[in-house]
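coords_22.cif, holding mmCIF, C-alpha atoms and all ligand atoms:
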data_my_file
#
loop_
_atom_site.label_atom_id
_atom_site.label_comp_id
_atom_site.auth_asym_id
_atom_site.auth_seq_id
_atom_site.Cartn_x
_atom_site.Cartn_y
_atom_site.Cartn_z
CA MET A 1 -41.87 -2.87 18.11
CA SER A 2 -38.53 -4.45 17.51
CA GLY A 3 -36.28 -4.81 20.48
CA PHE A 4 -34.00 -7.36 18.90
CA ARG A 5 -31.75 -5.27 16.70
CA ILE A 6 -28.88 -4.59 19.06
CA TRP A 7 -26.29 -5.93 16.64
CA ASP A 8 -27.08 -3.31 14.06
CA ASN A 9 -25.36 -0.64 16.10
CA ASN A 10 -21.92 -0.62 14.57
CA SER A 11 -22.86 -1.56 11.06
CA SER A 12 -21.15 0.47 8.39
CA ASP A 13 -22.69 1.06 4.98
CA GLU A 14 -21.05 -2.01 3.54
CA GLU A 15 -19.50 -5.05 5.07
CA GLN A 16 -15.79 -4.43 5.02
CA GLU A 17 -13.65 -7.50 5.30
CA GLU A 18 -10.63 -6.95 7.46
CA PHE A 19 -7.23 -8.54 7.09
CA GLU A 20 -4.17 -8.71 9.27
CA CYS A 21 -1.07 -7.31 7.65
CA LEU A 22 1.58 -10.02 7.19
CA ASP A 23 4.40 -7.64 8.00
CA CYS A 24 3.33 -5.30 10.80
CA GLY A 25 0.24 -7.13 12.04
CA CYS A 26 -2.05 -4.14 11.84
CA THR A 27 -5.60 -4.49 10.61
CA THR A 28 -6.20 -3.40 7.07
CA SER A 29 -9.01 -3.58 4.56
CA GLU A 30 -9.84 -2.65 1.00
CA ALA A 31 -10.82 0.78 2.26
CA ASP A 32 -7.18 1.51 3.16
CA PHE A 33 -6.28 1.08 -0.49
CA GLU A 34 -8.82 3.53 -1.83
CA SER A 35 -6.54 6.47 -1.14
CA VAL A 36 -3.48 4.86 -2.70
CA ASP A 37 -2.74 3.68 -6.20
CA ASP A 38 -2.58 0.07 -5.17
CA GLU A 39 -4.68 -3.00 -4.64
CA MET A 40 -4.89 -5.40 -1.79
CA ASN A 41 -3.64 -8.91 -2.32
CA GLN A 42 -6.12 -10.97 -0.35
CA GLN A 43 -3.93 -14.06 -0.52
CA ARG A 44 -1.06 -12.17 1.09
CA PRO A 45 -2.68 -9.20 2.77
CA ARG A 46 -0.51 -6.27 3.73
CA CYS A 47 -1.39 -2.75 4.70
CA PRO A 48 -0.66 -0.17 1.96
CA ASP A 49 2.65 0.88 3.55
CA CYS A 50 3.99 -2.63 3.97
CA GLN A 51 2.79 -3.73 0.56
CA SER A 52 4.59 -0.86 -1.06
CA SER A 53 7.85 -1.41 0.81
CA HIS A 54 7.59 -5.14 0.21
CA ARG A 55 7.23 -4.56 -3.51
CA ILE A 56 10.11 -2.11 -3.54
CA SER A 57 12.32 -4.48 -1.55
CA ARG A 58 11.98 -7.10 -4.29
CA ALA A 59 12.59 -4.67 -7.12
CA THR A 60 15.82 -3.58 -8.72
CA CYS A 61 16.68 -0.20 -10.18
CA GLU A 62 17.55 -0.16 -13.85
CA CYS A 63 21.14 0.67 -12.87
CA GLY A 64 21.32 -2.63 -10.98
CA GLU A 65 21.16 -1.30 -7.43
CA PRO A 66 18.40 -2.48 -5.08
CA ALA A 67 15.39 -0.20 -5.45
CA THR A 68 14.42 2.08 -2.60
CA HIS A 69 11.70 4.17 -4.21
CA GLU A 70 8.77 3.60 -6.48
CA VAL A 71 8.10 6.25 -9.09
CA ASP A 72 5.83 6.60 -12.10
CA SER A 73 8.37 5.00 -14.40
CA GLY A 74 9.16 2.09 -12.12
CA PHE A 75 11.59 1.39 -9.31
CA VAL A 76 14.71 3.39 -8.58
CA CYS A 77 17.58 3.37 -6.10
CA ASP A 78 18.50 6.38 -3.95
CA ASP A 79 20.98 7.78 -6.47
CA CYS A 80 18.67 7.48 -9.43
CA HIS A 81 15.82 8.85 -7.37
CA ASP A 82 17.89 11.98 -6.73
CA HIS A 83 18.37 12.37 -10.46
CA TYR A 84 14.75 11.64 -11.08
CA VAL A 85 13.60 14.30 -8.62
CA SER A 86 16.14 16.91 -9.69
CA GLY A 87 15.25 16.22 -13.31
CA TYR A 88 11.78 17.44 -12.53
CA ASN A 89 12.87 20.48 -10.59
CA ARG A 90 15.37 21.65 -13.15
CA ASP A 91 13.85 23.67 -15.92
ZN ZN B 1 1.64 -3.42 7.60
ZN ZN B 2 19.71 3.36 -9.78
#
Starting from the file, lay out its structure as structure tokens.
Ligand SMILES: [Zn+2]
Ligand SMILES: [Zn+2]
Amino acid sequence: MSGFRIWDNNSSDEEQEEFECLDCGCTTSEADFESVDDEMNQQRPRCPDCQSSHRISRATCECGEPATHEVDSGFVCDDCHDHYVSGYNRD
């Protein structure tokens, strides 16, 4: 008989360390990054959304404008993103 195991109730499979996002204050963990092509920075934890916009906000498009999108080839501004997208659609 073991009547002492009340704390085992909400245990998940693995211990998941949780972090508070620096930007929006929400709770995030490594698990949130499994669905995105990104990794958590435990020194400066951000949720996937904020980390991505933070990274973009510090980047510059190759044309010199501030970047607003992240694409496979790097960071692009709105204008270049339009070209980038339409370049794919055009055949
Ligand atoms: Zn956030
Ligand atoms: Zn550009």
| request: For atom CA of Arg46 of chain A and atom CA of Thr28 of chain A, quote the distance in Å rounded to one decimal. | output: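 Taking atom CA of Arg46 of chain A and atom CA of Thr28 of chain A, their separation equals 7.2 Å.
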| Could you list, as number ranges by chain, all the residues within 10 Å of ligand ZN 1 (chain B), counting all atoms listed in the file? | A: 20-28, 45-54
| Pick from A:Glu15, A:Val71, A:Cys80, A:Glu65, whichever lies nearest to Asp37 of chain A using all atoms listed in the file | A:Val71
| field | Test item: residues lying within 7 Å of ligand ZN 2 (chain B) with all atoms listed in the file, as a VMD selection string | value | chain A and resid 61 to 65 76 to 80
| query | When distances are computed from all atoms listed in the file, which of A:Gly87, A:Gly74, A:His81, A:Phe19 shows the smallest separation from Asp32 of chain A? | reply |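 Under the stated criterion, the closest residue is A:Phe19.
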| query | So which one's closest to Gln42 of chain A, A:Glu17, A:Ser73, A:Ala59, A:Tyr84? Using all atoms listed in the file, please. | reply | A:Glu17
| task | Using all atoms listed in the file, find the one residue out of A:Arg44, A:Gln16, A:Phe75, A:Phe33 that sits nearest to Thr60 of chain A. | result |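 When distances to Thr60 of chain A are compared using all atoms listed in the file, the smallest one comes from A:Phe75.
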